[in-house]
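Asks: I'm passing along coords-v2.cif; it holds mmCIF, C-alpha atoms.
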data_input
loop_
_atom_site.label_atom_id
_atom_site.label_comp_id
_atom_site.auth_asym_id
_atom_site.auth_seq_id
_atom_site.Cartn_x
_atom_site.Cartn_y
_atom_site.Cartn_z
CA MET F 1 -19.89 14.46 -9.39
CA VAL F 2 -20.82 10.90 -8.45
CA SER F 3 -24.40 9.74 -7.96
CA ILE F 4 -25.46 6.58 -6.16
CA ARG F 5 -28.60 4.63 -6.95
CA ALA F 6 -30.06 1.15 -6.79
CA ALA F 7 -28.79 -1.15 -9.53
CA ARG F 8 -31.27 -2.10 -12.23
CA PRO F 9 -31.40 -5.26 -14.37
CA GLU F 10 -30.29 -3.25 -17.41
CA ASP F 11 -27.05 -2.42 -15.53
CA ALA F 12 -25.99 -6.08 -15.60
CA ALA F 13 -23.80 -5.83 -18.72
CA THR F 14 -21.82 -2.89 -17.33
CA ILE F 15 -21.51 -4.58 -13.93
CA ALA F 16 -20.21 -7.72 -15.66
CA ALA F 17 -17.68 -5.61 -17.58
CA ILE F 18 -16.43 -3.97 -14.37
CA TYR F 19 -16.12 -7.35 -12.64
CA ALA F 20 -14.45 -9.30 -15.47
CA PRO F 21 -10.90 -7.91 -14.98
CA TYR F 22 -11.05 -8.85 -11.28
CA VAL F 23 -11.92 -12.43 -12.28
CA LEU F 24 -9.60 -12.84 -15.25
CA GLY F 25 -6.58 -10.76 -14.31
CA GLY F 26 -6.02 -11.17 -10.63
CA THR F 27 -6.78 -12.89 -7.39
CA VAL F 28 -9.30 -10.43 -5.94
CA SER F 29 -12.10 -12.78 -6.99
CA PHE F 30 -11.85 -16.54 -6.67
CA GLU F 31 -14.07 -17.06 -9.69
CA THR F 32 -12.16 -18.28 -12.73
CA GLU F 33 -14.71 -17.49 -15.45
CA ALA F 34 -16.17 -14.01 -15.69
CA PRO F 35 -19.97 -14.06 -15.47
CA ASP F 36 -21.88 -12.48 -18.33
CA ALA F 37 -24.77 -10.02 -18.07
CA ARG F 38 -27.30 -12.85 -17.78
CA ALA F 39 -25.45 -14.37 -14.82
CA ILE F 40 -25.23 -10.97 -13.11
CA ARG F 41 -28.98 -10.40 -13.62
CA THR F 42 -29.59 -13.82 -12.06
CA ARG F 43 -27.44 -12.91 -9.06
CA MET F 44 -29.25 -9.60 -8.67
CA ALA F 45 -32.63 -11.35 -8.83
CA ALA F 46 -31.46 -13.92 -6.26
CA SER F 47 -31.24 -11.11 -3.70
CA ASP F 48 -35.04 -11.38 -3.71
CA GLY F 49 -35.44 -7.72 -2.82
CA LEU F 50 -33.75 -8.20 0.56
CA TYR F 51 -30.10 -7.60 -0.20
CA PRO F 52 -28.97 -4.36 -1.86
CA TRP F 53 -27.19 -4.00 -5.17
CA ILE F 54 -26.16 -0.38 -5.75
CA VAL F 55 -24.10 1.50 -8.32
CA ALA F 56 -22.10 4.72 -8.48
CA THR F 57 -22.65 6.63 -11.68
CA SER F 58 -21.24 9.71 -13.31
CA GLY F 59 -23.37 12.63 -12.18
CA GLU F 60 -23.87 13.67 -15.79
CA ASP F 61 -24.95 10.24 -17.03
CA ASP F 62 -27.12 7.93 -14.91
CA ALA F 63 -26.12 4.99 -17.13
CA ALA F 64 -22.34 5.59 -16.84
CA ILE F 65 -21.60 3.14 -14.03
CA LEU F 66 -18.27 3.68 -12.29
CA ALA F 67 -18.56 1.02 -9.57
CA TYR F 68 -21.00 -1.36 -7.95
CA ALA F 69 -21.49 -2.84 -4.50
CA TYR F 70 -23.79 -5.43 -3.05
CA ALA F 71 -24.56 -7.51 -0.01
CA THR F 72 -25.46 -11.17 0.12
CA ARG F 73 -26.43 -13.73 2.71
CA PHE F 74 -23.40 -14.49 4.90
CA ARG F 75 -24.27 -18.12 5.54
CA ASP F 76 -27.32 -20.31 4.90
CA ARG F 77 -28.37 -21.06 8.48
CA PRO F 78 -31.31 -19.01 9.86
CA ALA F 79 -29.34 -17.70 12.83
CA TYR F 80 -27.10 -15.74 10.43
CA LYS F 81 -29.92 -13.71 8.84
CA TRP F 82 -28.77 -10.48 10.52
CA THR F 83 -25.28 -10.76 9.00
CA VAL F 84 -24.34 -9.99 5.40
CA GLU F 85 -21.25 -10.39 3.25
CA THR F 86 -20.38 -7.29 1.27
CA SER F 87 -18.47 -6.60 -1.95
CA VAL F 88 -17.48 -3.51 -3.90
CA TYR F 89 -15.85 -3.33 -7.35
CA VAL F 90 -14.60 -0.20 -9.08
CA ALA F 91 -13.97 0.28 -12.80
CA GLY F 92 -10.25 0.47 -13.57
CA ALA F 93 -10.43 4.00 -14.94
CA VAL F 94 -11.63 5.45 -11.63
CA GLN F 95 -9.77 3.28 -9.11
CA GLY F 96 -8.09 5.28 -6.36
CA GLN F 97 -10.39 8.30 -6.81
CA GLY F 98 -12.65 7.64 -3.80
CA VAL F 99 -15.60 6.25 -5.75
CA GLY F 100 -15.39 2.88 -4.00
CA ARG F 101 -15.38 4.50 -0.58
CA LEU F 102 -18.42 6.68 -1.38
CA LEU F 103 -20.29 3.66 -2.67
CA TYR F 104 -19.26 1.49 0.27
CA GLU F 105 -20.40 4.18 2.73
CA ALA F 106 -23.82 4.18 1.06
CA LEU F 107 -23.97 0.38 1.20
CA VAL F 108 -23.13 0.36 4.93
CA ASP F 109 -25.68 3.13 5.64
CA THR F 110 -28.31 1.19 3.69
CA LEU F 111 -27.59 -2.05 5.57
CA ARG F 112 -27.89 -0.17 8.89
CA ALA F 113 -31.25 1.26 7.85
CA GLN F 114 -32.41 -2.22 6.89
CA GLY F 115 -31.62 -3.51 10.39
CA PHE F 116 -28.72 -5.82 9.67
CA ILE F 117 -26.35 -6.21 12.64
CA GLN F 118 -23.00 -7.26 11.13
CA ALA F 119 -21.31 -6.92 7.73
CA ILE F 120 -18.40 -9.11 6.69
CA GLY F 121 -15.90 -8.12 4.03
CA VAL F 122 -13.81 -10.92 2.53
CA ILE F 123 -10.47 -9.82 1.08
CA SER F 124 -7.88 -11.89 -0.76
CA LEU F 125 -4.47 -10.97 0.58
CA PRO F 126 -2.41 -8.98 0.06
CA ASN F 127 -4.72 -6.14 -0.98
CA ASP F 128 -3.78 -2.87 0.73
CA GLN F 129 -6.29 -0.77 -1.24
CA SER F 130 -9.23 -2.97 -0.29
CA ILE F 131 -8.14 -3.07 3.35
CA LYS F 132 -7.85 0.71 3.38
CA THR F 133 -11.34 1.10 1.88
CA HIS F 134 -12.91 -1.37 4.29
CA GLU F 135 -11.30 0.22 7.32
CA ALA F 136 -12.24 3.74 6.15
CA VAL F 137 -15.93 2.78 6.34
CA GLY F 138 -15.75 1.08 9.74
CA PHE F 139 -14.61 -2.50 9.13
CA ARG F 140 -12.00 -4.03 11.43
CA ARG F 141 -9.84 -7.09 10.87
CA ALA F 142 -11.51 -10.20 12.27
CA GLY F 143 -9.16 -12.94 11.10
CA VAL F 144 -7.30 -14.62 8.28
CA TYR F 145 -7.60 -18.03 6.68
CA ARG F 146 -4.16 -19.06 5.41
CA GLU F 147 -3.67 -20.51 1.93
CA ILE F 148 -7.37 -21.17 1.43
CA GLY F 149 -7.69 -20.41 -2.30
CA TYR F 150 -5.56 -21.48 -5.24
CA LYS F 151 -5.55 -19.23 -8.29
CA GLN F 152 -3.02 -18.13 -10.87
CA GLY F 153 -0.47 -20.69 -9.73
CA ARG F 154 -0.36 -19.79 -6.06
CA TRP F 155 -2.09 -20.23 -2.73
CA ILE F 156 -3.88 -17.15 -1.43
CA ASP F 157 -4.76 -16.06 2.09
CA VAL F 158 -8.21 -14.63 2.73
CA GLY F 159 -8.87 -12.00 5.37
CA PHE F 160 -12.20 -11.29 7.02
CA TRP F 161 -13.09 -7.76 8.04
CA GLN F 162 -16.15 -7.12 10.21
CA CYS F 163 -18.30 -4.02 10.64
CA THR F 164 -20.83 -3.77 13.45
CA LEU F 165 -23.76 -1.98 11.88
CA ARG F 166 -25.88 -1.51 14.98
CA ASP F 167 -26.26 -2.63 18.55
CA THR F 168 -27.76 -6.04 19.08
CA ALA F 169 -31.25 -6.40 20.47
CA THR F 170 -32.83 -9.47 21.97
CA PRO F 171 -34.77 -10.63 20.12
CA PRO F 172 -33.59 -8.85 16.96
CA ALA F 173 -36.15 -7.50 14.50
CA ASP F 174 -36.06 -9.02 11.03
CA PRO F 175 -34.06 -6.99 8.50
CA ARG F 176 -36.20 -4.84 6.22
CA PRO F 177 -36.04 -5.59 2.49
CA PHE F 178 -33.90 -3.31 0.33
CA ARG F 179 -36.86 -2.86 -2.00
CA ASN F 180 -38.67 -1.13 0.92
CA VAL F 181 -35.70 0.93 2.18
CA GLY F 182 -33.85 2.02 -0.97
CA VAL F 183 -30.38 3.52 -1.01
CA VAL F 184 -29.51 5.42 2.18
CA ARG F 185 -26.68 7.94 2.45
CA GLY F 186 -25.53 9.47 5.71
#
As structure tokens, how would this structure be written, given the file I've shared?
Replies:
Amino acid sequence: MVSIRAARPEDAATIAAIYAPYVLGGTVSFETEAPDARAIRTRMAASDGLYPWIVATSGEDDAAILAYAYATRFRDRPAYKWTVETSVYVAGAVQGQGVGRLLYEALVDTLRAQGFIQAIGVISLPNDQSIKTHEAVGFRRAGVYREIGYKQGRWIDVGFWQCTLRDTATPPADPRPFRNVGVVRG
């Protein structure tokens, strides 16, 4: 059984360990040096209570993190504050078992409850598994930037997938902080 909860600062080392293979062994992430636990804690703190960081854990062990997901500011300009960029990373041992999808569903439900309007998933291409996961939770292809990143000796395309979280309102209400909403499922 998989449980989903808000990430805690003490989860940073495990989150860093899950993320490192994506940085060092492939082109899923465009980072070239894997961040350590301290860097992950700093990133989590930078969400300032507004953007969610959540983890999927083994039902038997709340500390056994299987995957993590988070949302960040999409762009710096104030007019973008209702749009987030999302990410999900799954530990190698449980890839392909549906953990990422469960976690991503919870992230999307949480963002809806917070009042965000759009979520953007950024996928280095090709990446059929990530596309499948994004589309399973409601994202649709929005466009592709060709040969925009260079890593591991080759140019990489980046696709953007977009998920409408809720209908727009004029004027829109400010998104509610994650610290006030918590993890939402269903």
Asks: Applied to this file, what does the PyMOL selection byres ((chain F and resi 48) around 12) return in terms of residues, put as an NGL selection string?
Replies: :F and (41-47 or 49-53 or 71-73 or 176-180)
Asks: Using only C-alpha atoms, pick whichever of F:Val144, F:Ile117, F:Leu125, F:Ala56 has the shortest atom-to-atom distance to F:Ala173.
Replies: F:Ile117
Asks: With the PyMOL selection byres ((chain F and resi 106) around 8) as the selection, what would be picked from this file? Answer as a ChimeraX atom specification, please.
Replies: /F:4,102-105,107-110,183-186
Asks: If you take only C-alpha atoms and a cut-off of 9 Å, which residues of stretch 76-133 of chain F touch stretch 7-21 of chain F, and what are their nearest atom pairs and distances in Å to one decimal, in chain and number order, as CSV?
Replies:
residue,atom,partner,partner_atom,distance
F:Tyr89,CA,F:Tyr19,CA,6.6
F:Val90,CA,F:Ile18,CA,6.7
F:Ala91,CA,F:Ile18,CA,5.2
F:Gly92,CA,F:Ile18,CA,7.7
Asks: Output the selection as an mmCIF file, in the frame of the given file - C-alpha atoms for each residue.
Replies:
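Full text of again-v9.cif as output:
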data_model
loop_
_atom_site.group_PDB
_atom_site.id
_atom_site.type_symbol
_atom_site.label_atom_id
_atom_site.label_comp_id
_atom_site.auth_asym_id
_atom_site.auth_seq_id
_atom_site.Cartn_x
_atom_site.Cartn_y
_atom_site.Cartn_z
ATOM 1 C CA TYR F 89 -15.850 -3.330 -7.350
ATOM 2 C CA VAL F 90 -14.600 -0.200 -9.080
ATOM 3 C CA ALA F 91 -13.970 0.280 -12.800
ATOM 4 C CA GLY F 92 -10.250 0.470 -13.570
#
Asks: One number please: atom CA of F:Gly59 to atom CA of F:Tyr22, in Å, one decimal.
Replies: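 These two atoms are separated by 24.8 Å.
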Asks: Could you check how far atom CA of F:Cys163 sits from atom CA of F:Ile120, in Å to one decimal?
Replies: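 Atom CA of F:Ile120 lies 6.4 Å from atom CA of F:Cys163.
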Asks: For F:Thr27, list every protein, DNA or RNA residue within 12 Å, evaluated using all atoms listed in the file, and leave out those in the same chain fewer than 4 positions away; present the list as a VMD selection string.
Replies: chain F and resid 20 to 23 31 to 32 123 to 127 149 to 158
Asks: With C-alpha atoms retained, write the just-selected residues as a short mmCIF file (atom, residue, chain, number, x, y, z; two decimals), keeping the file's coordinate frame.
Replies:
data_model
loop_
_atom_site.label_atom_id
_atom_site.label_comp_id
_atom_site.auth_asym_id
_atom_site.auth_seq_id
_atom_site.Cartn_x
_atom_site.Cartn_y
_atom_site.Cartn_z
CA ALA F 20 -14.45 -9.30 -15.47
CA PRO F 21 -10.90 -7.91 -14.98
CA TYR F 22 -11.05 -8.85 -11.28
CA VAL F 23 -11.92 -12.43 -12.28
CA GLU F 31 -14.07 -17.06 -9.69
CA THR F 32 -12.16 -18.28 -12.73
CA ILE F 123 -10.47 -9.82 1.08
CA SER F 124 -7.88 -11.89 -0.76
CA LEU F 125 -4.47 -10.97 0.58
CA PRO F 126 -2.41 -8.98 0.06
CA ASN F 127 -4.72 -6.14 -0.98
CA GLY F 149 -7.69 -20.41 -2.30
CA TYR F 150 -5.56 -21.48 -5.24
CA LYS F 151 -5.55 -19.23 -8.29
CA GLN F 152 -3.02 -18.13 -10.87
CA GLY F 153 -0.47 -20.69 -9.73
CA ARG F 154 -0.36 -19.79 -6.06
CA TRP F 155 -2.09 -20.23 -2.73
CA ILE F 156 -3.88 -17.15 -1.43
CA ASP F 157 -4.76 -16.06 2.09
CA VAL F 158 -8.21 -14.63 2.73
#
Asks: Hey, which of F:Gly100, F:Pro78, F:Gly25, F:Pro171 ends up closest to F:Ile54? Count only C-alpha atoms.
Replies: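 Residue with the minimum atom-to-atom distance to F:Ile54: F:Gly100.
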Asks: Counting only C-alpha atoms, which of F:Ala93, F:Leu111, F:Ala79, F:Val55 gets nearest to F:Val2?
Replies: F:Val55
Asks: Find the residue from F:Ala119, F:Ala63, F:Ala6, F:Ala34 that sits nearest to F:Arg75; use all atoms listed in the file when measuring.
Replies: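 Of the candidates, the smallest distance to F:Arg75 is held by F:Ala119.
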Asks: Measure the distance from atom CA of F:Gly26 to atom CA of F:Val88 in Å and round it to one decimal.
Replies: 15.3 Å
Asks: Would you pick out the contacts of F:Ile131 at 12 Å or less, using all atoms listed in the file, so that residues sharing its chain but fewer than 6 positions from it are not included, and give the list as a PyMOL selection string?
Replies: chain F and resi 28+88+100-101+121-125+137-142+158-162
Asks: So, counting all atoms listed in the file, which residue among F:Leu165, F:Ala136, F:Ile40, F:Ile65 is closest to F:Ser3?
Replies: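 Checking each of F:Leu165, F:Ala136, F:Ile40, F:Ile65 against F:Ser3, counting all atoms listed in the file, the winner is F:Ile65.
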